[in-house]
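Structure file coords.txt with compact mmCIF, C-alpha atoms:
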```
# COMPACT_ATOMS: atom_id res chain seq x y z
CA MET J 1 0.00 0.00 0.00
CA ALA J 2 2.98 2.31 0.53
CA HIS J 3 3.27 2.66 -3.23
CA ILE J 4 -0.13 4.32 -3.53
CA LYS J 5 1.21 7.31 -1.59
CA GLU J 6 3.73 8.00 -4.36
CA LEU J 7 0.87 8.17 -6.82
CA THR J 8 -1.50 10.40 -4.90
CA LYS J 9 0.95 12.93 -3.47
CA GLY J 10 1.52 14.57 -6.87
CA ILE J 11 -2.16 15.18 -7.44
CA PHE J 12 -2.95 17.39 -4.44
CA LYS J 13 -0.38 17.61 -1.64
CA GLU J 14 2.65 18.25 -3.84
CA ASN J 15 0.86 19.51 -6.93
CA PRO J 16 3.69 20.55 -9.29
CA THR J 17 2.00 23.70 -10.53
CA PHE J 18 0.30 25.22 -7.51
CA ILE J 19 2.38 24.01 -4.58
CA ILE J 20 5.93 23.50 -5.92
CA MET J 21 5.52 26.13 -8.69
CA LEU J 22 7.45 24.34 -11.43
CA GLY J 23 7.02 24.39 -15.18
CA MET J 24 5.37 27.77 -15.51
CA CYS J 25 6.05 28.55 -19.18
CA PRO J 26 3.88 25.82 -20.76
CA THR J 27 1.32 26.20 -17.98
CA LEU J 28 0.49 29.75 -18.97
CA GLY J 29 1.38 29.58 -22.65
CA VAL J 30 -1.07 26.91 -23.80
CA THR J 31 -4.01 27.30 -21.43
CA THR J 32 -6.22 29.35 -23.73
CA GLN J 33 -8.36 26.27 -24.53
CA VAL J 34 -9.24 23.29 -22.38
CA PHE J 35 -8.32 20.92 -25.20
CA ASN J 36 -4.79 22.38 -25.40
CA ALA J 37 -4.42 21.77 -21.67
CA PHE J 38 -5.30 18.08 -22.21
CA GLY J 39 -2.76 17.87 -25.05
CA MET J 40 0.00 19.50 -23.01
CA GLY J 41 -0.84 17.45 -19.92
CA ALA J 42 -0.77 14.18 -21.84
CA SER J 43 2.54 15.06 -23.52
CA VAL J 44 4.18 15.98 -20.21
CA LEU J 45 2.75 12.85 -18.55
CA PHE J 46 4.27 10.65 -21.26
CA VAL J 47 7.67 12.36 -21.16
CA LEU J 48 7.72 12.31 -17.36
CA LEU J 49 6.79 8.62 -17.21
CA GLY J 50 9.39 7.67 -19.83
CA SER J 51 12.20 9.72 -18.34
CA ASN J 52 11.46 8.70 -14.74
CA ILE J 53 11.46 4.98 -15.62
CA PHE J 54 14.59 5.29 -17.74
CA ILE J 55 16.55 7.39 -15.25
CA SER J 56 15.50 5.24 -12.34
CA ALA J 57 16.59 2.10 -14.20
CA LEU J 58 19.94 3.68 -15.08
CA ARG J 59 20.51 5.36 -11.71
CA LYS J 60 23.39 3.06 -10.76
CA ILE J 61 25.07 3.37 -14.18
CA ILE J 62 25.02 7.16 -14.75
CA PRO J 63 28.08 8.72 -13.07
CA ASP J 64 27.19 11.41 -10.58
CA SER J 65 29.29 14.17 -12.13
CA ILE J 66 27.58 14.11 -15.54
CA ARG J 67 24.09 13.20 -14.38
CA ILE J 68 22.40 16.47 -15.45
CA PRO J 69 23.51 16.28 -19.13
CA ALA J 70 22.58 12.59 -19.14
CA TYR J 71 19.09 13.39 -17.80
CA ILE J 72 18.64 16.14 -20.37
CA VAL J 73 19.51 13.75 -23.21
CA VAL J 74 17.00 11.18 -21.93
CA ILE J 75 14.28 13.83 -21.56
CA ALA J 76 15.02 15.39 -24.97
CA SER J 77 14.74 11.96 -26.62
CA PHE J 78 11.27 11.41 -25.17
CA VAL J 79 10.21 14.94 -26.16
CA THR J 80 11.36 14.24 -29.72
CA ILE J 81 9.26 11.05 -29.73
CA VAL J 82 6.19 13.01 -28.58
CA GLU J 83 6.82 15.72 -31.18
CA MET J 84 7.08 13.19 -34.02
CA VAL J 85 4.02 11.19 -32.91
CA LEU J 86 1.85 14.30 -32.52
CA HIS J 87 3.06 15.73 -35.83
CA ALA J 88 2.18 12.50 -37.63
CA PHE J 89 -1.15 11.59 -36.01
CA VAL J 90 -2.74 14.75 -34.52
CA PRO J 91 -1.31 17.74 -36.42
CA ALA J 92 -4.01 20.01 -34.94
CA VAL J 93 -2.61 19.50 -31.44
CA PHE J 94 0.95 19.82 -32.76
CA ASN J 95 0.14 23.22 -34.28
CA ALA J 96 -1.81 24.43 -31.24
CA LEU J 97 1.03 23.67 -28.84
CA GLY J 98 3.60 25.18 -31.23
CA VAL J 99 6.92 26.19 -29.69
CA TYR J 100 5.79 25.07 -26.21
CA LEU J 101 6.04 21.42 -27.28
CA PRO J 102 9.85 21.31 -27.70
CA LEU J 103 10.07 23.50 -24.59
CA ILE J 104 8.92 20.50 -22.50
CA VAL J 105 12.65 19.66 -22.46
CA VAL J 106 13.34 22.61 -20.18
CA ASN J 107 10.19 22.10 -18.11
CA CYS J 108 11.54 22.12 -14.57
CA ILE J 109 9.00 19.50 -13.41
CA ILE J 110 10.65 16.75 -15.43
CA LEU J 111 14.26 17.53 -14.56
CA GLY J 112 13.15 18.26 -11.01
CA ARG J 113 11.51 14.84 -10.56
CA ALA J 114 14.52 13.11 -12.15
CA GLU J 115 16.88 14.87 -9.75
CA ALA J 116 14.71 14.74 -6.63
CA PHE J 117 13.03 11.37 -6.99
CA ALA J 118 13.94 9.03 -9.86
CA ASN J 119 17.66 8.85 -9.12
CA LYS J 120 17.03 7.66 -5.56
CA ASN J 121 14.03 5.31 -5.90
CA THR J 122 13.04 2.06 -7.56
CA VAL J 123 11.53 1.85 -11.03
CA LEU J 124 8.00 1.13 -9.73
CA ASP J 125 7.99 4.05 -7.28
CA SER J 126 9.41 6.38 -9.93
CA ALA J 127 6.75 5.35 -12.44
CA LEU J 128 3.97 5.92 -9.90
CA ASP J 129 5.50 9.28 -8.94
CA ALA J 130 5.58 10.27 -12.62
CA VAL J 131 1.94 9.29 -13.17
CA GLY J 132 0.84 11.20 -10.06
CA MET J 133 2.81 14.32 -10.96
CA GLY J 134 1.61 14.13 -14.57
CA ILE J 135 -2.03 13.87 -13.50
CA GLY J 136 -1.56 16.72 -11.03
CA PHE J 137 -0.04 18.85 -13.76
CA THR J 138 -2.85 18.01 -16.19
CA LEU J 139 -5.53 18.83 -13.60
CA ALA J 140 -3.86 22.15 -12.78
CA LEU J 141 -3.61 23.05 -16.46
CA THR J 142 -7.24 22.07 -17.04
CA LEU J 143 -8.35 24.25 -14.13
CA ILE J 144 -6.47 27.31 -15.42
CA ALA J 145 -7.62 26.67 -18.99
CA ALA J 146 -11.25 26.19 -17.88
CA ILE J 147 -11.26 29.51 -15.99
CA ARG J 148 -9.61 31.35 -18.87
CA GLU J 149 -11.79 29.82 -21.57
CA ILE J 150 -15.15 29.98 -19.76
CA PHE J 151 -14.76 33.62 -18.75
CA GLY J 152 -12.51 34.73 -21.60
CA SER J 153 -14.50 33.41 -24.55
CA GLY J 154 -17.60 31.77 -23.07
CA THR J 155 -16.86 28.32 -24.48
CA ILE J 156 -15.40 25.00 -23.35
CA THR J 157 -13.46 23.22 -26.08
CA LEU J 158 -13.41 19.54 -25.15
CA PHE J 159 -12.30 18.22 -28.50
CA ASN J 160 -10.92 20.09 -31.50
CA LEU J 161 -9.13 18.11 -34.19
CA SER J 162 -10.41 19.94 -37.28
CA GLU J 163 -13.34 22.06 -38.47
CA THR J 164 -15.57 18.97 -38.71
CA GLN J 165 -14.29 17.00 -35.70
CA ARG J 166 -14.88 19.26 -32.74
CA LEU J 167 -16.93 19.41 -29.56
CA VAL J 168 -17.38 22.89 -28.17
CA ILE J 169 -19.79 23.75 -25.36
CA THR J 170 -21.03 27.32 -25.66
CA ILE J 171 -22.15 29.05 -22.49
CA PRO J 172 -25.09 31.36 -23.17
CA GLY J 173 -24.63 34.91 -21.93
CA LEU J 174 -20.87 34.69 -21.51
CA SER J 175 -20.11 33.91 -25.13
CA GLU J 176 -21.73 37.17 -26.36
CA SER J 177 -19.82 39.44 -24.00
CA PRO J 178 -16.80 37.58 -22.60
CA VAL J 179 -14.02 39.03 -20.43
CA ARG J 180 -11.65 38.99 -23.39
CA VAL J 181 -8.54 39.94 -21.40
CA LEU J 182 -8.43 36.51 -19.74
CA THR J 183 -7.54 34.80 -23.01
CA LEU J 184 -4.66 37.24 -23.55
CA ALA J 185 -1.23 37.07 -21.93
CA ALA J 186 -2.10 39.39 -19.05
CA GLY J 187 -5.11 37.28 -18.06
CA ALA J 188 -2.94 34.17 -17.68
CA LEU J 189 -0.67 35.89 -15.17
CA LEU J 190 -3.62 37.34 -13.22
CA VAL J 191 -5.46 33.99 -13.04
CA MET J 192 -2.26 32.26 -11.93
CA GLY J 193 -1.70 34.88 -9.20
CA TYR J 194 -5.22 34.57 -7.80
CA LEU J 195 -5.18 30.75 -7.95
CA LYS J 196 -1.83 30.60 -6.17
CA ALA J 197 -3.17 32.95 -3.47
CA PHE J 198 -6.24 30.69 -3.12
CA PHE J 199 -4.10 27.58 -2.67
CA THR J 200 -1.80 29.33 -0.18
CA TRP J 201 -4.86 30.43 1.82
CA ARG J 202 -6.33 26.91 1.76
CA GLY J 203 -3.01 25.35 2.78
CA GLU J 204 -2.64 27.76 5.69
CA ARG J 205 -6.18 27.14 6.87
CA ARG J 206 -5.58 23.40 6.79
CA THR J 207 -2.35 23.63 8.84
CA ALA J 208 -4.08 25.94 11.32
CA LYS J 209 -6.85 23.35 11.74
CA GLY J 210 -4.33 20.53 12.09
CA GLY J 211 -2.41 22.48 14.75
CA ALA J 212 -5.53 23.08 16.83
CA ARG J 213 -6.43 19.42 16.97
CA MET K 214 11.96 42.69 -41.59
CA SER K 215 14.70 45.16 -40.75
CA TYR K 216 17.04 44.60 -37.80
CA ILE K 217 15.45 47.45 -35.84
CA GLY K 218 12.06 45.87 -36.52
CA ILE K 219 13.29 42.55 -35.09
CA ILE K 220 14.64 44.26 -32.00
CA ILE K 221 11.39 46.17 -31.36
CA THR K 222 9.38 42.99 -31.95
CA TYR K 223 11.20 40.90 -29.37
CA VAL K 224 11.81 43.62 -26.78
CA PHE K 225 8.28 45.04 -26.74
CA ILE K 226 5.67 43.36 -28.95
CA GLN K 227 6.61 39.73 -28.27
CA ASN K 228 8.28 40.35 -24.90
CA PHE K 229 9.54 36.96 -23.77
CA ILE K 230 8.24 37.07 -20.25
CA LEU K 231 5.13 39.19 -20.42
CA VAL K 232 3.70 37.96 -23.72
CA GLN K 233 5.20 34.50 -24.33
CA PHE K 234 5.77 33.39 -20.70
CA MET K 235 9.25 32.08 -21.45
CA GLY K 236 11.69 32.27 -18.58
CA LEU K 237 9.04 32.75 -15.91
CA CYS K 238 10.84 30.61 -13.31
CA PRO K 239 13.92 32.89 -12.99
CA PHE K 240 11.64 35.91 -13.47
CA ILE K 241 9.74 35.03 -10.29
CA GLY K 242 12.71 33.48 -8.48
CA VAL K 243 15.47 36.05 -9.02
CA SER K 244 13.50 39.31 -9.13
CA ARG K 245 13.60 40.01 -5.39
CA ASN K 246 16.27 42.72 -5.63
CA SER K 247 17.40 44.80 -8.55
CA GLU K 248 21.10 43.88 -8.38
CA SER K 249 20.54 40.19 -8.96
CA ALA K 250 17.88 41.05 -11.56
CA ILE K 251 20.41 43.03 -13.58
CA GLY K 252 22.96 40.20 -13.23
CA MET K 253 20.47 37.59 -14.39
CA GLY K 254 19.31 39.81 -17.26
CA MET K 255 22.87 40.36 -18.51
CA ALA K 256 23.71 36.68 -18.28
CA VAL K 257 20.55 35.69 -20.16
CA THR K 258 21.10 38.34 -22.87
CA PHE K 259 24.63 37.14 -23.46
CA VAL K 260 23.62 33.48 -23.69
CA THR K 261 20.53 34.05 -25.90
CA ALA K 262 22.57 36.11 -28.38
CA VAL K 263 25.38 33.54 -28.63
CA ALA K 264 23.05 30.52 -28.53
CA SER K 265 20.90 31.93 -31.35
CA VAL K 266 23.90 32.15 -33.66
CA VAL K 267 25.36 28.78 -32.68
CA CYS K 268 22.01 26.94 -32.90
CA TYR K 269 21.35 28.56 -36.28
CA ALA K 270 24.74 27.35 -37.50
CA VAL K 271 24.20 23.83 -36.13
CA TYR K 272 20.77 23.62 -37.77
CA THR K 273 21.76 25.05 -41.16
CA TYR K 274 25.22 23.54 -41.64
CA LEU K 275 24.90 20.27 -39.75
CA LEU K 276 21.31 19.06 -39.35
CA VAL K 277 19.82 20.13 -42.70
CA PRO K 278 22.62 18.78 -44.99
CA PHE K 279 22.50 15.39 -43.24
CA ASP K 280 18.67 15.34 -43.21
CA LEU K 281 18.51 15.23 -39.42
CA ALA K 282 16.15 18.14 -38.78
CA TYR K 283 14.08 15.99 -36.42
CA LEU K 284 17.00 16.06 -33.96
CA GLU K 285 16.49 19.83 -33.58
CA THR K 286 15.30 19.77 -29.95
CA ILE K 287 17.89 17.33 -28.61
CA SER K 288 20.84 18.94 -30.40
CA PHE K 289 19.82 22.49 -29.43
CA ILE K 290 19.54 21.70 -25.75
CA LEU K 291 22.92 19.97 -25.78
CA VAL K 292 24.51 22.90 -27.61
CA ILE K 293 22.99 25.31 -25.10
CA ALA K 294 24.13 23.26 -22.11
CA ALA K 295 27.68 23.04 -23.50
CA LEU K 296 27.65 26.73 -24.38
CA VAL K 297 26.58 27.79 -20.90
CA GLN K 298 29.32 25.65 -19.40
CA MET K 299 31.88 27.17 -21.78
CA VAL K 300 30.73 30.73 -21.11
CA GLU K 301 31.04 30.04 -17.41
CA MET K 302 34.62 28.78 -17.79
CA VAL K 303 35.66 31.65 -20.09
CA ILE K 304 34.21 34.32 -17.82
CA ARG K 305 35.83 32.75 -14.77
CA LYS K 306 39.23 32.83 -16.51
CA MET K 307 38.93 36.24 -18.21
CA SER K 308 37.10 38.37 -15.70
CA PRO K 309 36.78 37.19 -12.10
CA SER K 310 34.76 40.29 -11.17
CA LEU K 311 32.17 39.62 -13.89
CA TYR K 312 32.14 35.97 -12.83
CA LYS K 313 31.41 37.04 -9.28
CA ALA K 314 28.43 39.06 -10.52
CA LEU K 315 27.01 36.50 -12.98
CA GLY K 316 28.46 33.22 -11.71
CA ILE K 317 25.55 31.92 -9.68
CA PHE K 318 23.05 32.66 -12.46
CA LEU K 319 24.87 30.88 -15.26
CA PRO K 320 24.03 27.27 -14.34
CA LEU K 321 20.34 28.25 -14.07
CA ILE K 322 20.27 29.47 -17.65
CA THR K 323 20.48 25.99 -19.23
CA THR K 324 16.94 25.28 -18.10
CA ASN K 325 15.65 28.76 -18.96
CA CYS K 326 12.94 28.36 -21.60
CA ALA K 327 13.90 31.67 -23.19
CA VAL K 328 17.20 30.35 -24.58
CA LEU K 329 15.79 27.21 -26.21
CA GLY K 330 12.65 29.16 -27.15
CA ILE K 331 14.43 31.84 -29.17
CA ALA K 332 16.64 29.24 -30.88
CA ILE K 333 13.54 27.35 -32.06
CA ILE K 334 11.63 30.53 -33.00
CA ASN K 335 14.59 31.65 -35.16
CA ILE K 336 14.37 28.43 -37.15
CA ASP K 337 10.55 28.56 -37.40
CA GLU K 338 10.62 32.18 -38.61
CA GLY K 339 13.35 31.40 -41.14
CA TYR K 340 15.76 34.12 -39.99
CA ASN K 341 19.27 34.24 -41.41
CA MET K 342 22.35 34.26 -39.20
CA LEU K 343 22.51 38.01 -38.55
CA GLU K 344 18.75 38.21 -37.97
CA SER K 345 19.02 35.31 -35.54
CA PHE K 346 21.73 37.18 -33.65
CA PHE K 347 19.57 40.30 -33.37
CA SER K 348 16.46 38.38 -32.34
CA GLY K 349 18.48 36.55 -29.66
CA LEU K 350 19.94 39.82 -28.42
CA ALA K 351 16.50 41.47 -28.39
CA ALA K 352 14.88 38.53 -26.59
CA GLY K 353 17.52 38.84 -23.88
CA LEU K 354 17.06 42.61 -23.67
CA GLY K 355 13.28 42.15 -23.37
CA PHE K 356 13.86 39.66 -20.56
CA THR K 357 16.23 42.12 -18.85
CA LEU K 358 13.74 44.98 -19.19
CA ALA K 359 10.91 42.94 -17.68
CA ILE K 360 12.98 41.50 -14.83
CA ILE K 361 14.40 44.93 -13.85
CA LEU K 362 10.93 46.50 -13.85
CA MET K 363 9.66 43.58 -11.82
CA SER K 364 12.47 43.77 -9.25
CA ASN K 365 11.75 47.46 -8.66
CA ILE K 366 8.07 46.70 -8.15
CA ARG K 367 8.90 43.90 -5.74
CA GLU K 368 11.27 46.09 -3.72
CA LYS K 369 8.37 48.51 -3.28
CA LEU K 370 6.01 45.64 -2.44
CA GLU K 371 8.26 44.61 0.46
CA THR K 372 7.18 47.72 2.37
CA THR K 373 3.53 47.64 1.24
CA PRO K 374 0.86 45.96 3.33
CA VAL K 375 -0.42 42.96 1.34
CA ARG K 376 -2.95 40.36 2.49
CA LYS K 377 -1.19 37.34 3.96
CA ALA K 378 -2.31 34.84 1.34
CA PHE K 379 -1.09 37.15 -1.43
CA THR K 380 2.42 37.88 -0.10
CA GLY K 381 5.37 36.69 -2.18
CA VAL K 382 4.65 34.81 -5.36
CA PRO K 383 0.89 35.52 -5.88
CA ILE K 384 1.29 39.29 -5.73
CA ALA K 385 4.32 39.01 -8.03
CA PHE K 386 2.17 37.19 -10.59
CA ILE K 387 -0.59 39.77 -10.32
CA SER K 388 1.91 42.64 -10.72
CA ALA K 389 3.34 40.86 -13.75
CA GLY K 390 -0.20 40.53 -15.13
CA LEU K 391 -0.77 44.26 -14.78
CA MET K 392 2.57 44.91 -16.46
CA ALA K 393 1.54 42.58 -19.28
CA LEU K 394 -1.65 44.64 -19.68
CA ALA K 395 0.53 47.70 -20.18
CA PHE K 396 2.68 45.84 -22.71
CA MET K 397 -0.45 45.04 -24.73
CA GLY K 398 -0.18 48.66 -25.86
CA PHE K 399 2.72 47.59 -28.07
CA ASP K 400 1.22 45.64 -30.92
CA SER K 401 2.36 44.89 -34.42
CA SER K 402 0.77 48.07 -35.83
CA LEU K 403 3.68 49.85 -34.13
CA LEU K 404 6.00 48.37 -36.77
CA THR K 405 3.72 49.54 -39.58
CA ASN K 406 3.50 53.05 -38.15
CA LEU K 407 7.28 53.26 -37.85
CA HIS K 408 7.64 51.98 -41.48
CA LEU K 409 9.78 49.06 -40.35
CA VAL K 410 8.00 46.19 -42.09
```
How would this structure read if it were set down as structure tokens?
Amino acid sequence: MAHIKELTKGIFKENPTFIIMLGMCPTLGVTTQVFNAFGMGASVLFVLLGSNIFISALRKIIPDSIRIPAYIVVIASFVTIVEMVLHAFVPAVFNALGVYLPLIVVNCIILGRAEAFANKNTVLDSALDAVGMGIGFTLALTLIAAIREIFGSGTITLFNLSETQRLVITIPGLSESPVRVLTLAAGALLVMGYLKAFFTWRGERRTAKGGAR
Amino acid sequence: MSYIGIIITYVFIQNFILVQFMGLCPFIGVSRNSESAIGMGMAVTFVTAVASVVCYAVYTYLLVPFDLAYLETISFILVIAALVQMVEMVIRKMSPSLYKALGIFLPLITTNCAVLGIAIINIDEGYNMLESFFSGLAAGLGFTLAIILMSNIREKLETTPVRKAFTGVPIAFISAGLMALAFMGFDSSLLTNLHLV
């Protein structure tokens, strides 16, 4: 049962986006549509899972002094795989994510988990940690994207592969007069600031409750 | 596009932090006081300018002739990591005082999205070598501008009463958001009005 803890901690308690504050660039860059958040989340989840398993399996072979370049090569290889697969099978997602897709290489979450977790733990624990962190990241992205899309353009894009294959929920009222600024760059930073404040406030309230008990 | 047009584009219109969100981690992490902000900005500007040229050369003279363009991401990040290491060694040897000022920021730059970001954007936009150099330089200058502005705001915030839940990172994000609103005033019509397109 101890393994389950590795899986669940990434989702809430150590959520990579809101609690540890890692990997900000893709978080804010792609969250204009809910569907983009799914695409980014899935890509990061795959890269994180691959790199964590690989690095954890090789942790006794990689010499300590060159571990960072070795990790970067492993991560970059998985990112290249994701890029090629998305380009070939779902070009719509590939185009929507644009330059943020290759930038997964420098996403601090992945290097951070490799350095802080995968090089000290077994393959199974590392894989569970990666899945948990990846799900936590996806949920955080979806939350930000949902806020920005619902208020910024009055729609929720659940599926958008082409003009004919799409599923968009339109919210009456909001879609005629949306708060357009939320879909722009400034809105992303504002939403992130308020969400971070909310999570800080919630965390403090929980520790205060725990202390009183 | 003229060189001045490229510089205005990447310093103001497509500012790396406030419009494209690249390099947000050091932007939030290192902007507590203006001295370290200037140090970080200078280090990033230097590395983006050099990395743009080197990555352009690697892509055009090595990857394209051998039909290896799909290795773009992996080769760029390795080139950048090696470059940062080399810059660190050269600065340490040539100018110990500059090394003292920039030293601690250099290792952080490898994982700064801005460096890999501008290298990839240069290739996507089809810039030539000199244009790549200017776009790299301008991206770094835009980063420096934003991080210096931010550090001044944060020094003021230190003495301002802020609600407890908002202190530190959240208020920094909100200030950055307001700054980004101001930067929305620079849009691509600026280039047309200045006859730079």
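Straight-line separation from atom CA of Ala385 of chain K to atom CA of Leu350 of chain K: 25.7 Å.
Minimum distance to Leu276 of chain K across K:Val382, K:Leu296, K:Leu394, K:Ile336 (counting all atoms listed in the file) occurs at K:Ile336.
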* Asked: So which residues touch Lys13 of chain J within 12 Å, counting all atoms listed in the file, skipping near sequence neighbours fewer than 4 positions away, as number ranges by chain?
  -> J: 5-9, 17-20, 132-133, 136, 199-200, 202-203, 206
* To do: Enumerate, as a ChimeraX atom specification, the protein, DNA and RNA residues whose atoms approach (16.1, 42.6, -41.6) to within 10 Å, taking into account only C-alpha atoms and the coordinate frame of the file.
  => /K:214-220,340-341,343-345,347,409-410
Prev. selection, C-alpha atoms, output as a compact mmCIF listing (two decimals), in the frame of the given file:
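Listed below is the output, part26.txt:
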```
# COMPACT_ATOMS: atom_id res chain seq x y z
CA MET K 214 11.96 42.69 -41.59
CA SER K 215 14.70 45.16 -40.75
CA TYR K 216 17.04 44.60 -37.80
CA ILE K 217 15.45 47.45 -35.84
CA GLY K 218 12.06 45.87 -36.52
CA ILE K 219 13.29 42.55 -35.09
CA ILE K 220 14.64 44.26 -32.00
CA TYR K 340 15.76 34.12 -39.99
CA ASN K 341 19.27 34.24 -41.41
CA LEU K 343 22.51 38.01 -38.55
CA GLU K 344 18.75 38.21 -37.97
CA SER K 345 19.02 35.31 -35.54
CA PHE K 347 19.57 40.30 -33.37
CA LEU K 409 9.78 49.06 -40.35
CA VAL K 410 8.00 46.19 -42.09
```
Close residues, Thr170 of chain J itself excluded, 10 Å, all atoms listed in the file, min 4 positions apart in chain, as a compact mmCIF listing (two decimals) with C-alpha atoms, in the frame of the given file:
```txt
# COMPACT_ATOMS: atom_id res chain seq x y z
CA ILE J 150 -15.15 29.98 -19.76
CA SER J 153 -14.50 33.41 -24.55
CA GLY J 154 -17.60 31.77 -23.07
CA THR J 155 -16.86 28.32 -24.48
CA ILE J 156 -15.40 25.00 -23.35
CA THR J 157 -13.46 23.22 -26.08
CA LEU J 174 -20.87 34.69 -21.51
CA SER J 175 -20.11 33.91 -25.13
CA GLU J 176 -21.73 37.17 -26.36
```
Find the residues of chain J in contact range of chain K, meaning any atom within 10 Å when counting all atoms listed in the file, and list them as a tab-separated table (two decimals) with C-alpha atoms, keeping the file's coordinate frame.
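out.tsv, written as the output of this step:
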```
chain	number	residue	atom	x	y	z
J	21	MET	CA	5.52	26.13	-8.69
J	22	LEU	CA	7.45	24.34	-11.43
J	23	GLY	CA	7.02	24.39	-15.18
J	24	MET	CA	5.37	27.77	-15.51
J	25	CYS	CA	6.05	28.55	-19.18
J	26	PRO	CA	3.88	25.82	-20.76
J	27	THR	CA	1.32	26.20	-17.98
J	28	LEU	CA	0.49	29.75	-18.97
J	29	GLY	CA	1.38	29.58	-22.65
J	30	VAL	CA	-1.07	26.91	-23.80
J	68	ILE	CA	22.40	16.47	-15.45
J	69	PRO	CA	23.51	16.28	-19.13
J	70	ALA	CA	22.58	12.59	-19.14
J	72	ILE	CA	18.64	16.14	-20.37
J	73	VAL	CA	19.51	13.75	-23.21
J	74	VAL	CA	17.00	11.18	-21.93
J	75	ILE	CA	14.28	13.83	-21.56
J	76	ALA	CA	15.02	15.39	-24.97
J	77	SER	CA	14.74	11.96	-26.62
J	78	PHE	CA	11.27	11.41	-25.17
J	79	VAL	CA	10.21	14.94	-26.16
J	80	THR	CA	11.36	14.24	-29.72
J	81	ILE	CA	9.26	11.05	-29.73
J	83	GLU	CA	6.82	15.72	-31.18
J	84	MET	CA	7.08	13.19	-34.02
J	98	GLY	CA	3.60	25.18	-31.23
J	99	VAL	CA	6.92	26.19	-29.69
J	100	TYR	CA	5.79	25.07	-26.21
J	101	LEU	CA	6.04	21.42	-27.28
J	102	PRO	CA	9.85	21.31	-27.70
J	103	LEU	CA	10.07	23.50	-24.59
J	104	ILE	CA	8.92	20.50	-22.50
J	105	VAL	CA	12.65	19.66	-22.46
J	106	VAL	CA	13.34	22.61	-20.18
J	107	ASN	CA	10.19	22.10	-18.11
J	108	CYS	CA	11.54	22.12	-14.57
J	111	LEU	CA	14.26	17.53	-14.56
J	181	VAL	CA	-8.54	39.94	-21.40
J	184	LEU	CA	-4.66	37.24	-23.55
J	185	ALA	CA	-1.23	37.07	-21.93
J	186	ALA	CA	-2.10	39.39	-19.05
J	187	GLY	CA	-5.11	37.28	-18.06
J	188	ALA	CA	-2.94	34.17	-17.68
J	189	LEU	CA	-0.67	35.89	-15.17
J	190	LEU	CA	-3.62	37.34	-13.22
J	191	VAL	CA	-5.46	33.99	-13.04
J	192	MET	CA	-2.26	32.26	-11.93
J	193	GLY	CA	-1.70	34.88	-9.20
J	194	TYR	CA	-5.22	34.57	-7.80
J	195	LEU	CA	-5.18	30.75	-7.95
J	196	LYS	CA	-1.83	30.60	-6.17
J	197	ALA	CA	-3.17	32.95	-3.47
J	198	PHE	CA	-6.24	30.69	-3.12
J	199	PHE	CA	-4.10	27.58	-2.67
J	200	THR	CA	-1.80	29.33	-0.18
J	201	TRP	CA	-4.86	30.43	1.82
J	202	ARG	CA	-6.33	26.91	1.76
J	203	GLY	CA	-3.01	25.35	2.78
J	204	GLU	CA	-2.64	27.76	5.69
```
* **Of the listed residues J:Asn95, J:Ser162, J:Ser56, J:Asn36, that which approaches Arg113 of chain J most closely, counting all atoms listed in the file** => J:Ser56
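We find atom CA of Arg180 of chain J and atom CA of Ala42 of chain J to be spaced 27.1 Å apart.
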Rebuild segment 234-240 of chain K to N, CA, C and O atoms - output it as a PDB file, in the coordinates of the input, please.
```pdb
ATOM      1  N   PHE K 234       5.583  34.156 -21.946  1.00  0.00           N
ATOM      2  CA  PHE K 234       5.770  33.390 -20.700  1.00  0.00           C
ATOM      3  C   PHE K 234       7.032  32.548 -20.694  1.00  0.00           C
ATOM      4  O   PHE K 234       7.080  31.539 -20.007  1.00  0.00           O
ATOM      5  N   MET K 235       8.055  32.906 -21.495  1.00  0.00           N
ATOM      6  CA  MET K 235       9.250  32.080 -21.450  1.00  0.00           C
ATOM      7  C   MET K 235      10.229  32.655 -20.440  1.00  0.00           C
ATOM      8  O   MET K 235      10.490  33.844 -20.443  1.00  0.00           O
ATOM      9  N   GLY K 236      10.772  31.795 -19.603  1.00  0.00           N
ATOM     10  CA  GLY K 236      11.690  32.270 -18.580  1.00  0.00           C
ATOM     11  C   GLY K 236      10.977  32.797 -17.358  1.00  0.00           C
ATOM     12  O   GLY K 236      11.493  33.653 -16.657  1.00  0.00           O
ATOM     13  N   LEU K 237       9.777  32.263 -17.074  1.00  0.00           N
ATOM     14  CA  LEU K 237       9.040  32.750 -15.910  1.00  0.00           C
ATOM     15  C   LEU K 237       9.679  32.315 -14.596  1.00  0.00           C
ATOM     16  O   LEU K 237       9.611  33.041 -13.616  1.00  0.00           O
ATOM     17  N   CYS K 238      10.295  31.114 -14.579  1.00  0.00           N
ATOM     18  CA  CYS K 238      10.840  30.610 -13.310  1.00  0.00           C
ATOM     19  C   CYS K 238      11.898  31.555 -12.755  1.00  0.00           C
ATOM     20  O   CYS K 238      11.781  31.998 -11.622  1.00  0.00           O
ATOM     21  N   PRO K 239      12.953  31.929 -13.540  1.00  0.00           N
ATOM     22  CA  PRO K 239      13.920  32.890 -12.990  1.00  0.00           C
ATOM     23  C   PRO K 239      13.293  34.260 -12.770  1.00  0.00           C
ATOM     24  O   PRO K 239      13.683  34.983 -11.867  1.00  0.00           O
ATOM     25  N   PHE K 240      12.289  34.601 -13.593  1.00  0.00           N
ATOM     26  CA  PHE K 240      11.640  35.910 -13.470  1.00  0.00           C
ATOM     27  C   PHE K 240      10.999  36.044 -12.089  1.00  0.00           C
ATOM     28  O   PHE K 240      11.104  37.080 -11.441  1.00  0.00           O
TER      29      PHE K 240
END
```
